[in-house]
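Undergrad: So here's query39.txt, just compact mmCIF, C-alpha atoms:
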```
# COMPACT_ATOMS: atom_id res chain seq x y z
CA MET A 209 107.91 107.63 61.74
CA THR A 210 109.56 108.88 64.93
CA ALA A 211 111.08 106.53 67.51
CA ARG A 212 108.18 107.37 69.83
CA GLU A 213 105.60 106.51 67.15
CA LEU A 214 107.42 103.26 66.35
CA LEU A 215 107.44 102.28 70.02
CA ASP A 216 103.74 103.11 70.35
CA ALA A 217 103.02 100.94 67.30
CA PHE A 218 104.98 98.02 68.80
CA LEU A 219 103.20 98.47 72.15
CA ALA A 220 99.80 98.49 70.43
CA ARG A 221 100.61 95.21 68.65
CA TYR A 222 101.90 93.75 71.92
CA GLY A 223 98.69 94.73 73.72
CA ARG A 224 96.49 93.25 70.99
CA ILE A 225 98.38 89.95 70.97
CA GLU A 226 98.34 89.79 74.77
CA ALA A 227 94.56 90.35 74.78
CA GLU A 228 94.02 87.63 72.14
CA LEU A 229 96.09 85.15 74.15
CA GLU A 230 93.55 85.40 76.97
CA THR A 231 90.86 83.75 74.80
CA ALA A 232 92.96 81.97 72.16
CA GLY A 233 91.80 78.60 70.97
CA ALA A 234 93.73 75.80 69.27
CA ALA A 235 93.01 77.29 65.86
CA ASP A 236 94.65 80.56 66.85
CA ARG A 237 97.92 79.13 68.17
CA GLU A 238 99.90 79.06 64.94
CA ARG A 239 98.78 82.51 63.83
CA LEU A 240 99.62 84.06 67.21
CA ARG A 241 102.97 82.31 67.25
CA GLY A 242 103.77 83.86 63.86
CA GLU A 243 102.73 87.32 65.05
CA ILE A 244 104.87 87.05 68.19
CA VAL A 245 107.90 85.93 66.20
CA ALA A 246 107.37 88.76 63.69
CA LEU A 247 107.04 91.34 66.47
CA PHE A 248 110.21 90.06 68.12
CA ARG A 249 112.20 90.16 64.88
CA GLU A 250 110.97 93.63 63.89
CA THR A 251 111.79 94.95 67.36
CA GLU A 252 115.24 93.37 67.23
CA THR A 253 115.89 94.92 63.80
CA ALA A 254 114.77 98.36 65.02
CA LEU A 255 117.05 98.09 68.07
CA ASP A 256 120.00 97.12 65.88
CA GLU A 257 119.38 100.08 63.57
CA LEU A 258 119.07 102.47 66.52
CA ALA A 259 122.26 101.09 68.04
CA GLY A 260 124.09 101.76 64.77
CA PHE A 261 122.67 105.26 64.63
CA LYS A 262 123.76 105.86 68.22
CA GLU A 263 127.35 105.07 67.22
CA ARG A 264 127.10 107.63 64.42
CA ILE A 265 126.05 110.21 67.01
CA ARG A 266 129.16 109.35 69.03
CA ALA A 267 131.20 110.24 65.95
CA LEU A 268 129.44 113.60 65.82
CA VAL A 269 130.34 114.18 69.46
CA GLU A 270 134.01 113.50 68.73
CA ARG A 271 133.96 115.88 65.77
CA TYR A 272 132.33 118.52 67.93
CA LYS A 273 135.03 118.13 70.57
CA SER A 274 137.68 118.81 67.93
CA LEU A 275 136.23 122.24 67.08
CA PRO A 276 138.18 125.27 68.33
CA PRO A 277 136.71 126.89 71.44
CA PRO A 278 134.43 129.89 70.84
CA PRO A 279 135.68 133.37 71.75
CA ALA A 280 134.84 134.42 75.29
CA PRO A 281 131.76 136.66 75.42
CA ALA A 282 132.11 140.20 76.67
CA GLN A 283 129.96 139.38 79.69
CA GLN A 284 129.26 135.92 81.07
CA HIS A 285 125.76 135.28 82.37
CA THR A 286 125.36 132.31 84.67
CA ILE A 287 122.12 130.66 85.69
CA VAL A 288 122.26 130.23 89.45
CA SER A 289 120.20 127.38 90.86
CA ASP A 290 118.57 128.04 94.23
CA HIS A 291 118.39 124.44 95.47
CA ILE A 292 117.69 125.51 99.04
CA GLY A 293 114.67 127.58 97.99
CA SER A 294 113.62 124.92 95.51
CA SER A 295 113.59 122.20 98.17
CA THR A 296 110.71 123.92 99.97
CA TYR A 297 108.55 123.74 96.84
CA VAL A 298 109.63 120.16 96.16
CA GLU A 299 108.46 119.18 99.66
CA ARG A 300 105.19 121.03 99.16
CA GLY A 301 104.75 119.29 95.81
CA TRP A 302 105.29 115.86 97.36
CA THR A 303 102.84 116.67 100.17
CA ALA A 304 100.23 117.69 97.59
CA ILE A 305 100.76 114.44 95.65
CA ALA A 306 100.42 112.36 98.83
CA SER A 307 97.19 114.18 99.77
CA GLY A 308 95.68 113.73 96.29
CA ASP A 309 95.91 117.38 95.21
CA ALA A 310 97.68 116.92 91.86
CA LYS A 311 96.76 120.39 90.57
CA ARG A 312 98.55 122.10 93.47
CA ALA A 313 101.46 119.65 93.14
CA VAL A 314 102.05 120.72 89.51
CA LYS A 315 102.07 124.38 90.55
CA GLU A 316 104.53 123.82 93.43
CA LEU A 317 106.90 121.67 91.37
CA GLU A 318 106.91 124.03 88.41
CA ARG A 319 107.96 126.75 90.87
CA ALA A 320 110.69 124.44 92.21
CA LEU A 321 112.07 123.99 88.70
CA GLU A 322 112.05 127.75 88.13
CA LEU A 323 114.43 128.04 91.09
CA ALA A 324 116.51 124.96 90.25
CA PRO A 325 116.18 124.12 86.53
CA ASN A 326 116.80 120.47 85.57
CA ASP A 327 116.63 119.19 89.17
CA PRO A 328 115.96 115.47 88.47
CA HIS A 329 114.02 114.89 91.70
CA ALA A 330 111.70 117.84 91.06
CA GLU A 331 111.25 116.71 87.43
CA SER A 332 110.36 113.19 88.55
CA LEU A 333 107.73 114.49 90.95
CA LEU A 334 106.37 116.90 88.33
CA GLY A 335 105.90 114.00 85.93
CA TRP A 336 104.06 112.14 88.69
CA ALA A 337 101.72 115.08 89.33
CA GLN A 338 101.07 115.47 85.60
CA MET A 339 100.31 111.78 85.39
CA LEU A 340 97.82 111.98 88.26
CA ARG A 341 96.08 114.84 86.41
CA GLU A 342 95.86 112.47 83.42
CA GLN A 343 98.20 114.73 81.43
CA TYR A 344 99.89 111.61 80.08
CA ASP A 345 101.64 113.25 77.12
CA ASP A 346 103.14 115.94 79.38
CA ALA A 347 104.19 113.28 81.86
CA LEU A 348 105.85 111.20 79.14
CA MET A 349 107.84 114.23 77.98
CA THR A 350 108.92 114.99 81.54
CA TYR A 351 110.02 111.40 82.16
CA HIS A 352 111.82 111.35 78.83
CA LYS A 353 113.97 114.23 80.12
CA VAL A 354 114.55 112.40 83.41
CA LEU A 355 115.54 109.10 81.78
CA MET A 356 117.89 110.85 79.37
CA LYS A 357 119.89 111.89 82.43
CA ASP A 358 119.28 108.79 84.53
CA PRO A 359 118.11 105.70 82.58
CA ASN A 360 117.52 103.75 85.82
CA ASN A 361 115.58 106.46 87.66
CA PRO A 362 113.21 104.34 89.81
CA LEU A 363 110.45 106.93 90.18
CA ALA A 364 110.28 107.47 86.42
CA ARG A 365 110.18 103.70 85.92
CA VAL A 366 107.33 103.32 88.43
CA ASN A 367 105.19 105.99 86.85
CA LEU A 368 105.83 104.77 83.32
CA GLY A 369 104.34 101.52 84.60
CA TYR A 370 101.27 103.42 85.80
CA ILE A 371 100.86 105.20 82.46
CA CYS A 372 100.98 101.82 80.68
CA LEU A 373 98.35 100.57 83.15
CA LYS A 374 96.05 103.48 82.30
CA LYS A 375 96.54 102.78 78.59
CA GLY A 376 95.65 99.11 79.16
CA ILE A 377 99.11 97.82 78.20
CA PHE A 378 99.36 95.45 81.16
CA GLY A 379 102.40 93.47 80.07
CA GLU A 380 104.46 96.63 79.65
CA ALA A 381 103.18 97.96 82.98
CA ILE A 382 104.21 94.79 84.80
CA GLU A 383 107.65 94.94 83.17
CA HIS A 384 108.32 98.52 84.35
CA LEU A 385 106.93 97.94 87.85
CA SER A 386 108.74 94.63 88.35
CA LYS A 387 112.03 96.30 87.45
CA ALA A 388 111.36 99.09 89.96
CA ILE A 389 110.54 96.54 92.68
CA ARG A 390 113.75 94.59 91.95
CA GLN A 391 115.78 97.80 92.07
CA ASP A 392 114.41 98.58 95.55
CA ALA A 393 116.19 101.93 95.14
CA ASP A 394 114.19 103.94 97.65
CA ARG A 395 111.16 103.56 99.87
CA LYS A 396 108.90 105.91 97.92
CA SER A 397 109.47 104.18 94.58
CA SER A 398 109.09 100.72 96.12
CA LEU A 399 105.88 101.78 97.87
CA TYR A 400 104.20 102.96 94.67
CA ALA A 401 105.61 100.16 92.54
CA HIS A 402 103.79 97.68 94.80
CA PHE A 403 100.64 99.80 94.86
CA TYR A 404 100.47 100.20 91.07
CA MET A 405 101.20 96.51 90.60
CA GLY A 406 98.16 95.84 92.78
CA LEU A 407 96.10 98.05 90.47
CA VAL A 408 97.32 96.09 87.44
CA TYR A 409 96.16 92.79 88.93
CA LEU A 410 92.90 94.36 90.13
CA GLU A 411 92.15 95.45 86.56
CA ARG A 412 92.90 91.92 85.38
CA GLU A 413 90.47 90.58 88.06
CA MET A 414 93.25 88.64 89.80
CA TYR A 415 91.99 89.71 93.20
CA ASP A 416 94.21 87.63 95.50
CA ASP A 417 97.34 88.88 93.75
CA ALA A 418 96.04 92.45 93.86
CA ARG A 419 95.36 92.30 97.61
CA GLY A 420 98.79 90.80 98.18
CA PHE A 421 100.47 93.82 96.57
CA PHE A 422 98.20 96.26 98.42
CA ARG A 423 99.10 94.65 101.75
CA GLN A 424 102.80 94.86 100.88
CA THR A 425 102.15 98.54 100.15
CA LEU A 426 100.76 98.98 103.67
CA GLU A 427 103.78 97.24 105.16
CA LEU A 428 106.00 99.79 103.42
CA GLY A 429 103.72 102.75 104.20
CA PRO A 430 101.03 102.20 106.85
CA ASN A 431 99.56 105.64 106.15
CA MET A 432 98.96 104.85 102.47
CA LEU A 433 95.20 104.69 103.05
CA GLU A 434 94.46 104.43 99.35
CA ALA A 435 95.64 100.82 99.65
CA TRP A 436 92.82 100.11 102.15
CA TRP A 437 90.36 101.62 99.68
CA GLU A 438 91.65 99.32 96.93
CA ILE A 439 91.65 96.23 99.18
CA GLY A 440 88.00 96.95 99.95
CA ARG A 441 87.32 97.47 96.25
CA ALA A 442 88.94 94.11 95.40
CA TYR A 443 86.75 92.32 97.95
CA TYR A 444 83.65 94.21 96.79
CA ARG A 445 84.19 93.36 93.13
CA GLU A 446 84.74 89.74 94.14
CA GLY A 447 81.38 89.73 95.98
CA ASN A 448 82.75 89.57 99.55
CA LYS A 449 80.96 92.58 101.05
CA ALA A 450 81.81 91.71 104.66
CA ALA A 451 85.55 91.73 103.94
CA ALA A 452 85.16 94.93 101.91
CA ALA A 453 83.42 96.61 104.84
CA GLU A 454 86.22 95.56 107.21
CA ALA A 455 88.91 96.96 104.90
CA TRP A 456 87.09 100.28 104.47
CA ARG A 457 86.42 100.47 108.21
CA THR A 458 90.14 100.05 108.90
CA GLY A 459 91.04 102.74 106.36
CA HIS A 460 88.49 105.17 107.82
CA GLN A 461 89.50 104.55 111.43
CA THR A 462 93.20 104.97 110.64
CA ASN A 463 92.63 108.61 109.64
CA ARG A 464 89.12 109.83 108.95
CA PHE A 465 90.40 113.29 107.96
CA ASN A 466 92.59 111.90 105.17
CA LEU A 467 91.08 112.07 101.65
CA TRP A 468 91.17 108.27 101.26
CA GLY A 469 90.15 107.66 104.89
CA GLU A 470 87.11 109.82 104.23
CA ARG A 471 86.38 107.95 101.01
CA CYS A 472 86.61 104.62 102.87
CA GLY A 473 84.11 106.00 105.41
CA LYS A 474 81.62 107.00 102.71
CA ALA A 475 81.87 103.59 101.03
CA LEU A 476 81.37 101.86 104.38
CA ALA A 477 78.27 103.97 105.12
CA GLN A 478 76.79 103.15 101.71
CA LEU A 479 77.49 99.46 102.18
CA GLU A 480 75.98 99.33 105.66
CA SER A 481 72.85 101.12 104.43
CA GLY A 482 72.38 98.51 101.75
CA LYS A 483 73.20 100.85 98.87
CA PRO A 484 75.56 99.83 96.03
CA VAL A 485 79.01 101.38 96.21
CA GLU A 486 79.19 102.64 92.64
CA ALA A 487 82.73 104.08 92.99
CA ALA A 488 84.02 100.62 93.89
CA GLY A 489 82.62 98.86 90.84
```
Could you write out this file's structure as structure tokens?
TA:
Amino acid sequence: MTARELLDAFLARYGRIEAELETAGAADRERLRGEIVALFRETETALDELAGFKERIRALVERYKSLPPPPAPAQQHTIVSDHIGSSTYVERGWTAIASGDAKRAVKELERALELAPNDPHAESLLGWAQMLREQYDDALMTYHKVLMKDPNNPLARVNLGYICLKKGIFGEAIEHLSKAIRQDADRKSSLYAHFYMGLVYLEREMYDDARGFFRQTLELGPNMLEAWWEIGRAYYREGNKAAAAEAWRTGHQTNRFNLWGERCGKALAQLESGKPVEAAG
């Protein structure tokens, strides 16, 4: 079993136990306690074994360093990174992500990485675009590369939280997103950490908490109109149609030409006509 498969197995057990805790009765307490203790001990053992293996790899590194240098090749070929040219495609990629066009974002960011291979910022954004296209395996591979270089990369941490959310592993999602919020490394990461945390609580039907995170998102980025859509959705699912209409009206009036402003407008029109807003259910 690979390390990735082992982690997925642990996460699956974690998610199952977490789900059972929501409805656990007195008769389940002792069994769940035993499962939690067992999961903790097995995880601790795996970490210890990996730590020992990591030290063995360090020994390999030292042995490698002791090897004689290779003979110089007849002609040295150097990969030149065009960071100036790449930055244009990175900016286009980010604009595409912000406007909801994940397909175009992937194309622009792949071009950026052709010009500047291994650029961590471009890789982080590419993983984000892949994630938004629901290419979760591709996104995980991209973020694995990013975190190998920078274990505390905030954008990778935020989007790992989102992937866990989409897989229904809420505890793991909250852990990643909370860490990103505490890091407060940059505005973009903080903005989406709050937004995704709102989505986690919305999925768990904790509507007040969800709206709180969405409003914090709007404080960080007033043009993040998707937050108005989600605030309206939280009110709608709670049964407060008047408050939902007000949230969607605000989102639409802020920028009716924006993808999410337009979506808020459509939901508002459906609500005012007495039709159910199926997309908000």
Undergrad: Skipping near chain neighbours, those fewer than 3 positions away, what residues fall within 10 Å of region 235-246 of chain A using all atoms listed in the file, listed as a list in words?
TA: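 What passes the distance filter is Arg221, Tyr222, Ile225, Glu226, Glu228, Leu229, Thr231, Ala232, Arg249, Glu250, Thr251 and Glu252 of chain A.
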Undergrad: Quick check, in Å to one decimal: how far apart do CA of Ser295 (chain A) and CA of Leu317 (chain A) lie?
TA: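 Calculated distance between CA of Ser295 (chain A) and CA of Leu317 (chain A) is 9.6 Å.
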Undergrad: Residues near Gly473 (chain A), anyone? I mean within 7 Å using only C-alpha atoms, not counting same-chain ones fewer than 4 positions away, as a PyMOL selection string.
TA: chain A and resi 456-457+460+469+477
Undergrad: I'd like the interatomic distance between CA of Met414 (chain A) and CA of Ala451 (chain A), to a tenth of an Å.
TA: 16.4 Å
Undergrad: Could you give me, as a list in words, the residues within 6 Å of Ala435 (chain A), counting all atoms listed in the file and dropping anything in the same chain fewer than 3 positions from it?
TA: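 My reading of the contact set: Phe422, Met432 and Glu438 of chain A.
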Undergrad: Which neighbours of Pro430 (chain A) fall inside 12 Å, counting only C-alpha atoms, when residues of the same chain fewer than 6 positions from it are skipped, and could you give them as a PyMOL selection string?
TA: chain A and resi 399+422-424+436+458-459+462-463
Undergrad: In Å to one decimal, how far is CA of Ser332 (chain A) from CA of Leu363 (chain A)?
TA: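 If I compute the distance from CA of Leu363 (chain A) to CA of Ser332 (chain A), I get 6.5 Å.
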Undergrad: Compare A:Thr350, A:Ala488, A:Arg365, A:Glu427 by their minimum atom-to-atom distance to Lys387 (chain A), counting all atoms listed in the file, and give me the closest one.
TA: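 So, comparing all the options, the nearest one is A:Arg365.
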Undergrad: Using all atoms listed in the file, can you tell me which of A:Phe248, A:Phe465, A:Tyr443, A:Phe378 comes closest to Arg412 (chain A)?
TA: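 Of A:Phe248, A:Phe465, A:Tyr443, A:Phe378, the one nearest Arg412 (chain A) is A:Phe378, counting all atoms listed in the file.
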Undergrad: Compile the contact shell of Leu385 (chain A) as a list in words: residues with an atom at most 10 Å away, counting all atoms listed in the file, same-chain residues fewer than 4 positions apart removed.
TA: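 So, after excluding close chain neighbours, the residues are Pro362, Leu363, Arg365, Val366, Asn367, Leu368, Gly369, Tyr370, Glu380, Ala381, Ile389, Arg390, Gln391, Ser397, Ser398, Tyr400, Ala401, His402, Phe403, Tyr404, Met405 and Val408 of chain A.
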Undergrad: Could you give me, as a tab-separated table, every region 320-353 of chain A residue with an atom at most 9 Å from region 301-314 of chain A, plus its closest atom pair and distance in Å to one decimal, counting only C-alpha atoms, rows ordered by chain then number?
TA:
```
residue	atom	partner	partner_atom	distance
A:Ala320	CA	A:Gly301	CA	8.6
A:Ala330	CA	A:Gly301	CA	8.5
A:Leu333	CA	A:Trp302	CA	7.0
A:Leu334	CA	A:Val314	CA	5.9
A:Gly335	CA	A:Val314	CA	8.5
A:Trp336	CA	A:Ile305	CA	8.0
A:Ala337	CA	A:Ala310	CA	5.1
A:Gln338	CA	A:Val314	CA	6.6
A:Met339	CA	A:Ala310	CA	8.7
A:Leu340	CA	A:Ala310	CA	6.1
A:Arg341	CA	A:Ala310	CA	6.0
```
Undergrad: Find, counting only C-alpha atoms, the residue in A:Leu410, A:Leu428, A:Ile377, A:Ala487 that gets nearest to Ala442 (chain A).
TA: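 Nearest candidate to Ala442 (chain A) out of A:Leu410, A:Leu428, A:Ile377, A:Ala487: A:Leu410.
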Undergrad: Which of these residues is nearest to Ile371 (chain A), using all atoms listed in the file: A:Asp416, A:Met356, A:Gln343, A:Leu426?
TA: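 Going through A:Asp416, A:Met356, A:Gln343, A:Leu426 one by one, the smallest distance to Ile371 (chain A) is for A:Gln343.
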Undergrad: Which residue is closest to Glu454 (chain A)? Choose from A:Gly429, A:Glu480, A:Glu434, A:Ala220 and count all atoms listed in the file.
TA: A:Glu480
Undergrad: Return the single residue from A:Glu413, A:Leu255, A:Gln478, A:Glu331 that is closest to Asp346 (chain A), with distances computed using all atoms listed in the file.
TA: A:Glu331
